[in-house]
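Engineer: Quick one: this structure, given as structure tokens, is what I'll be asking you about.
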Amino acid sequence: MTAPIPRDIPDLPAISGIPAPVTSVVPAAAVVAPARRPLAGTYRALVALTAAAAVVTEMVLGSPLRAFSHFAVQSTVLVALVFAVSARRAWSARRPLPSAVTGGTVLYAVITASVYHLLLTNGPVTFSMTTSPTGALVTPAGWLAVTDVAFHTVIPLAVVADWLLLTRPSPPRLIHAAAWLLYPLAYLASTLGRAALVTTDWPAPYLYPFLDVDRHGYRDVLGNALLLGLAFCAAALLIVVVDHLRPDPVHPAEGARTARTATPKTGFRLRPPVG
């Protein structure tokens with residue numbers, strides 16, 4: 001007669017020479033089919049429409065080429081495109097955009113708002129996106145004043161709110177943070193290059209006072225650019241770190257449950273079949 005199978009077999013001791021099992025945590029998005037999210041889709045569609053309306057208004061009421069040369073307008077165009085695609089994916093239950101795309105959009109929105117509120121509005125030189133035909137700065141009024149607030153305050157806040165409250169964490173890698181910084185670097189090179197080659201029919205070629213070579217010289221301008229680059233690098237790294245640490249706003253309990261089930265075991269447990 002065979003002995004009965006014990007209900008529980010104790011954990012077996014570790015065998016020397018065999019490496020310990022490697023913990024592998026698979027993101028929930030990789031194994032769980034995404035569901036429709038009409039609230040997130042509606043919010044992102046509204047943000048995309050607001051961004052597109054601000055860009056169109058600025059380019060129609062002002063000079064299209066000069067308006068599109070501003071970093072705020074270019075980053076807002078990116079917001080309109082990314083949020084339109086994200087809204088469609090949320091409505092149709094498709095997988096969200098990669099974090100390399102959404103994280104870069106958040107970074108550029110943060111750059112737009114922080115540079116404007118910390119440097120341009122508090123700087124010794126008045127800043128305005130609106131200029132007269134002679135290149136003199138003009139205080140925006142009417143719809144241009146509305147778009148000015150939208151570019152530098154409303155849309156960046158909406159982008160950050162979507163990232164923190166409606167977007168599931170999908171932590172980007174450090175290589176993504178380095179790639180995000182290529183666009184501000186290219187923008188700096190194109191701005192200085194265009195100003196050096198601009199013709200006389202475009203007065204006041206430097207759009208930002210801290211990049212005005214005629215006023216500060218190349219040494220000070222490049223020094224300002226270096227300090228801003230370090231600040232942008234810190235902001236990119238902060239986005240990567242926060243995305244690793246922040247909770248899941250869509251399924252708050254799933255992260256804790258995944259962490260509990262991902263704990264490796266050193267033995268096994270055998271249970272008899274239920275008959």
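By order in the structure tokens, chains are A, B, ...; within a chain, residues start at 1; ligands start at 1, following the order shown.
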Compile the contact shell of Arg88 in chain A as a PyMOL selection string: residues with an atom at most 12 Å away, counting only C-alpha atoms, same-chain residues fewer than 5 positions apart removed.
Structural biologist: chain A and resi 36-46+48+81-83+93-97
Engineer: So that I have them on file, write out the residues from the current selection with all heavy atoms, as a short mmCIF file (atom, residue, chain, number, x, y, z; two decimals), in the first residue's frame.
Structural biologist:
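As written to disk, result-v7.cif reads:
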```
data_model
loop_
_atom_site.label_atom_id
_atom_site.label_comp_id
_atom_site.auth_asym_id
_atom_site.auth_seq_id
_atom_site.Cartn_x
_atom_site.Cartn_y
_atom_site.Cartn_z
N ARG A 36 -12.04 50.38 -23.42
CA ARG A 36 -12.43 51.72 -23.85
C ARG A 36 -12.44 52.65 -22.65
O ARG A 36 -12.90 52.29 -21.57
CB ARG A 36 -13.81 51.70 -24.50
CG ARG A 36 -13.86 50.98 -25.82
CD ARG A 36 -15.26 51.04 -26.43
NE ARG A 36 -15.59 52.40 -26.84
CZ ARG A 36 -16.47 53.19 -26.24
NH1 ARG A 36 -17.10 52.75 -25.15
NH2 ARG A 36 -16.72 54.41 -26.67
N ARG A 37 -11.96 53.86 -22.87
CA ARG A 37 -11.90 54.87 -21.83
C ARG A 37 -12.50 56.16 -22.36
O ARG A 37 -11.80 57.08 -22.80
CB ARG A 37 -10.47 55.08 -21.36
CG ARG A 37 -9.79 53.82 -20.82
CD ARG A 37 -8.36 54.09 -20.43
NE ARG A 37 -8.29 55.15 -19.44
CZ ARG A 37 -7.19 55.86 -19.18
NH1 ARG A 37 -6.07 55.60 -19.85
NH2 ARG A 37 -7.19 56.79 -18.27
N PRO A 38 -13.83 56.25 -22.37
CA PRO A 38 -14.47 57.42 -22.98
C PRO A 38 -14.15 58.73 -22.27
O PRO A 38 -14.05 59.77 -22.92
CB PRO A 38 -15.96 57.09 -22.88
CG PRO A 38 -16.07 56.04 -21.82
CD PRO A 38 -14.80 55.26 -21.88
N LEU A 39 -13.97 58.71 -20.95
CA LEU A 39 -13.65 59.94 -20.24
C LEU A 39 -12.29 60.47 -20.67
O LEU A 39 -12.15 61.66 -20.99
CB LEU A 39 -13.67 59.69 -18.73
CG LEU A 39 -13.27 60.89 -17.85
CD1 LEU A 39 -14.22 62.05 -18.08
CD2 LEU A 39 -13.23 60.50 -16.38
N ALA A 40 -11.28 59.60 -20.71
CA ALA A 40 -9.96 60.02 -21.15
C ALA A 40 -9.98 60.44 -22.61
O ALA A 40 -9.33 61.42 -23.00
CB ALA A 40 -8.95 58.89 -20.94
N GLY A 41 -10.75 59.71 -23.44
CA GLY A 41 -10.83 60.08 -24.84
C GLY A 41 -11.45 61.45 -25.06
O GLY A 41 -10.99 62.23 -25.89
N THR A 42 -12.51 61.74 -24.31
CA THR A 42 -13.16 63.04 -24.43
C THR A 42 -12.24 64.17 -23.98
O THR A 42 -12.13 65.21 -24.63
CB THR A 42 -14.46 63.06 -23.61
OG1 THR A 42 -15.32 62.01 -24.06
CG2 THR A 42 -15.17 64.39 -23.74
N TYR A 43 -11.58 63.96 -22.85
CA TYR A 43 -10.66 64.98 -22.34
C TYR A 43 -9.54 65.26 -23.34
O TYR A 43 -9.22 66.43 -23.63
CB TYR A 43 -10.09 64.52 -21.00
CG TYR A 43 -9.05 65.45 -20.41
CD1 TYR A 43 -9.44 66.57 -19.68
CD2 TYR A 43 -7.70 65.22 -20.60
CE1 TYR A 43 -8.50 67.43 -19.14
CE2 TYR A 43 -6.75 66.08 -20.06
CZ TYR A 43 -7.16 67.18 -19.33
OH TYR A 43 -6.22 68.03 -18.81
N ARG A 44 -8.94 64.22 -23.88
CA ARG A 44 -7.83 64.41 -24.81
C ARG A 44 -8.30 65.03 -26.11
O ARG A 44 -7.56 65.82 -26.73
CB ARG A 44 -7.14 63.06 -25.06
CG ARG A 44 -6.39 62.57 -23.83
CD ARG A 44 -6.00 61.11 -23.93
NE ARG A 44 -5.34 60.66 -22.71
CZ ARG A 44 -5.05 59.41 -22.42
NH1 ARG A 44 -5.37 58.45 -23.29
NH2 ARG A 44 -4.46 59.09 -21.28
N ALA A 45 -9.50 64.70 -26.55
CA ALA A 45 -10.03 65.33 -27.75
C ALA A 45 -10.23 66.84 -27.54
O ALA A 45 -9.93 67.65 -28.42
CB ALA A 45 -11.35 64.67 -28.15
N LEU A 46 -10.72 67.22 -26.36
CA LEU A 46 -10.88 68.64 -26.06
C LEU A 46 -9.54 69.37 -26.00
O LEU A 46 -9.42 70.49 -26.50
CB LEU A 46 -11.63 68.81 -24.73
CG LEU A 46 -13.11 68.38 -24.73
CD1 LEU A 46 -13.69 68.50 -23.32
CD2 LEU A 46 -13.91 69.23 -25.71
N ALA A 48 -6.82 68.46 -27.62
CA ALA A 48 -6.33 68.54 -28.99
C ALA A 48 -7.03 69.66 -29.77
O ALA A 48 -6.38 70.41 -30.51
CB ALA A 48 -6.54 67.20 -29.69
N LEU A 81 -1.43 66.96 -32.13
CA LEU A 81 -1.31 65.69 -32.85
C LEU A 81 -1.32 64.50 -31.90
O LEU A 81 -2.05 63.52 -32.11
CB LEU A 81 -0.02 65.70 -33.68
CG LEU A 81 0.06 66.73 -34.80
CD1 LEU A 81 1.44 66.69 -35.46
CD2 LEU A 81 -1.03 66.51 -35.83
N VAL A 82 -0.51 64.57 -30.83
CA VAL A 82 -0.41 63.44 -29.90
C VAL A 82 -1.73 63.20 -29.18
O VAL A 82 -2.18 62.05 -29.04
CB VAL A 82 0.73 63.71 -28.89
CG1 VAL A 82 0.69 62.68 -27.77
CG2 VAL A 82 2.08 63.65 -29.60
N PHE A 83 -2.41 64.25 -28.77
CA PHE A 83 -3.65 64.07 -28.03
C PHE A 83 -4.79 63.63 -28.95
O PHE A 83 -5.70 62.93 -28.50
CB PHE A 83 -4.01 65.36 -27.28
CG PHE A 83 -3.41 65.44 -25.91
CD1 PHE A 83 -2.04 65.50 -25.74
CD2 PHE A 83 -4.21 65.42 -24.78
CE1 PHE A 83 -1.48 65.56 -24.48
CE2 PHE A 83 -3.67 65.47 -23.51
CZ PHE A 83 -2.29 65.54 -23.36
N ALA A 93 -10.36 51.49 -27.66
CA ALA A 93 -9.77 50.42 -26.85
C ALA A 93 -8.50 49.87 -27.48
O ALA A 93 -8.25 48.67 -27.47
CB ALA A 93 -10.77 49.29 -26.61
N ARG A 94 -7.68 50.76 -28.01
CA ARG A 94 -6.38 50.35 -28.55
C ARG A 94 -5.30 50.68 -27.53
O ARG A 94 -5.50 51.47 -26.61
CB ARG A 94 -6.11 51.05 -29.88
CG ARG A 94 -7.10 50.70 -30.97
CD ARG A 94 -6.82 51.47 -32.24
NE ARG A 94 -5.49 51.17 -32.74
CZ ARG A 94 -4.91 51.83 -33.76
NH1 ARG A 94 -5.56 52.82 -34.34
NH2 ARG A 94 -3.72 51.50 -34.17
N ARG A 95 -4.14 50.09 -27.72
CA ARG A 95 -3.05 50.32 -26.78
C ARG A 95 -2.60 51.77 -26.84
O ARG A 95 -2.57 52.37 -27.92
CB ARG A 95 -1.88 49.39 -27.08
CG ARG A 95 -2.26 47.92 -26.96
CD ARG A 95 -1.04 47.05 -26.70
NE ARG A 95 -1.44 45.64 -26.57
CZ ARG A 95 -1.94 45.11 -25.48
NH1 ARG A 95 -2.09 45.85 -24.40
NH2 ARG A 95 -2.27 43.83 -25.43
N PRO A 96 -2.23 52.36 -25.70
CA PRO A 96 -1.84 53.77 -25.69
C PRO A 96 -0.52 53.99 -26.42
O PRO A 96 0.21 53.05 -26.74
CB PRO A 96 -1.70 54.08 -24.19
CG PRO A 96 -1.44 52.76 -23.55
CD PRO A 96 -2.20 51.74 -24.35
N LEU A 97 -0.23 55.25 -26.67
CA LEU A 97 1.01 55.60 -27.33
C LEU A 97 2.20 55.24 -26.44
O LEU A 97 2.08 55.21 -25.21
CB LEU A 97 1.04 57.10 -27.64
CG LEU A 97 0.10 57.58 -28.75
CD1 LEU A 97 0.12 59.09 -28.83
CD2 LEU A 97 0.48 56.96 -30.08
#
```
Engineer: Hey, what does DSSP flag as alpha helix (DSSP H) within range 35-267 of chain A? Can you give it to me as a PyMOL selection string?
Structural biologist: chain A and resi 38-61+64-68+71-91+99-115+143-149+155-165+174-180+182-197+213-245+252-261
Engineer: With only C-alpha atoms as the counted atoms, please give the residues lying no more than 7 Å from Ser99 in chain A, apart from itself and same-chain residues fewer than 2 positions off, as an MDAnalysis selection string.
Structural biologist: chainID A and resid 97 101:103 170:172
Engineer: Keeping only N, CA and C atoms, write the selected residues to a file as a tab-separated table (two decimals), in the first residue's frame.
Structural biologist:
```tsv
chain	number	residue	atom	x	y	z
A	97	LEU	N	-0.23	55.25	-26.67
A	97	LEU	CA	1.01	55.60	-27.33
A	97	LEU	C	2.20	55.24	-26.44
A	101	VAL	N	6.85	58.82	-26.55
A	101	VAL	CA	6.12	59.90	-27.21
A	101	VAL	C	5.41	60.78	-26.18
A	102	THR	N	4.68	60.16	-25.27
A	102	THR	CA	3.94	60.93	-24.28
A	102	THR	C	4.88	61.68	-23.33
A	103	GLY	N	5.99	61.03	-22.93
A	103	GLY	CA	6.93	61.70	-22.04
A	103	GLY	C	7.57	62.91	-22.69
A	170	SER	N	4.05	53.93	-17.71
A	170	SER	CA	4.81	53.09	-18.63
A	170	SER	C	6.21	53.67	-18.67
A	171	PRO	N	6.99	53.40	-17.62
A	171	PRO	CA	8.23	54.15	-17.40
A	171	PRO	C	9.17	54.14	-18.61
A	172	PRO	N	9.53	55.33	-19.10
A	172	PRO	CA	10.52	55.38	-20.19
A	172	PRO	C	11.91	55.10	-19.66
```
Engineer: Please identify all polymer residues within 10 Å of range 241-251 of chain A, counting only C-alpha atoms, omitting same-chain residues fewer than 3 positions from it, and present them as a PDB file with C-alpha atoms, in the first residue's frame.
Structural biologist:
```
ATOM      1  CA  ARG A  37     -11.904  54.870 -21.826  1.00  0.00           C
ATOM      2  CA  SER A  99       5.917  56.492 -23.196  1.00  0.00           C
ATOM      3  CA  GLY A 103       6.931  61.704 -22.040  1.00  0.00           C
ATOM      4  CA  TRP A 163      -0.108  62.466 -17.628  1.00  0.00           C
ATOM      5  CA  LEU A 164      -0.617  62.284 -13.867  1.00  0.00           C
ATOM      6  CA  LEU A 165      -4.349  61.522 -13.665  1.00  0.00           C
ATOM      7  CA  LEU A 166      -5.343  59.696 -16.856  1.00  0.00           C
ATOM      8  CA  THR A 167      -2.221  57.975 -18.178  1.00  0.00           C
ATOM      9  CA  ARG A 168      -1.082  54.601 -16.865  1.00  0.00           C
ATOM     10  CA  PRO A 169       2.604  54.459 -15.884  1.00  0.00           C
ATOM     11  CA  SER A 170       4.809  53.085 -18.627  1.00  0.00           C
ATOM     12  CA  PRO A 171       8.229  54.152 -17.401  1.00  0.00           C
ATOM     13  CA  PRO A 172      10.519  55.383 -20.189  1.00  0.00           C
ATOM     14  CA  ARG A 173      14.223  54.639 -20.221  1.00  0.00           C
ATOM     15  CA  LEU A 174      17.103  57.051 -19.827  1.00  0.00           C
ATOM     16  CA  ALA A 235      13.331  68.000 -16.063  1.00  0.00           C
ATOM     17  CA  ALA A 236      13.620  65.014 -18.435  1.00  0.00           C
ATOM     18  CA  LEU A 237      15.216  62.873 -15.730  1.00  0.00           C
ATOM     19  CA  LEU A 238      12.520  63.954 -13.268  1.00  0.00           C
ATOM     20  CA  GLU A 254      -3.125  46.518  -9.706  1.00  0.00           C
ATOM     21  CA  GLY A 255       0.412  47.712  -9.046  1.00  0.00           C
ATOM     22  CA  ALA A 256       0.388  46.381  -5.492  1.00  0.00           C
TER      23      ALA A 256
END
```
Engineer: Which of these residues is nearest to Leu182 in chain A, using only C-alpha atoms: A:Leu144, A:Cys233, A:Val149, A:Ala109?
Structural biologist: A:Cys233
Engineer: Out of A:Trp91, A:Phe127, A:Ala67, A:Val115, which residue has the shortest atom-to-atom distance to Ala225 in chain A when counting only C-alpha atoms?
Structural biologist: A:Val115
Engineer: Need the shell around Phe71 in chain A: protein/DNA/RNA residues with any atom at most 12 Å away, counting only C-alpha atoms. Skip same-chain ones fewer than 6 positions apart. Format as JSON, numbers by chain?
Structural biologist: {"A": [55, 77, 78, 108, 109, 110, 111, 112, 113, 115, 116, 129, 151, 152, 183, 184, 185, 186, 187, 188, 190, 191, 207, 208]}
Engineer: Do you know which residues are at most 12 Å from Leu222 in chain A counting only C-alpha atoms, after dropping those on the same chain fewer than 5 positions away, and could you put them as a ChimeraX atom specification?
Structural biologist: /A:185,188-189,192,210-213,216-217,227-229
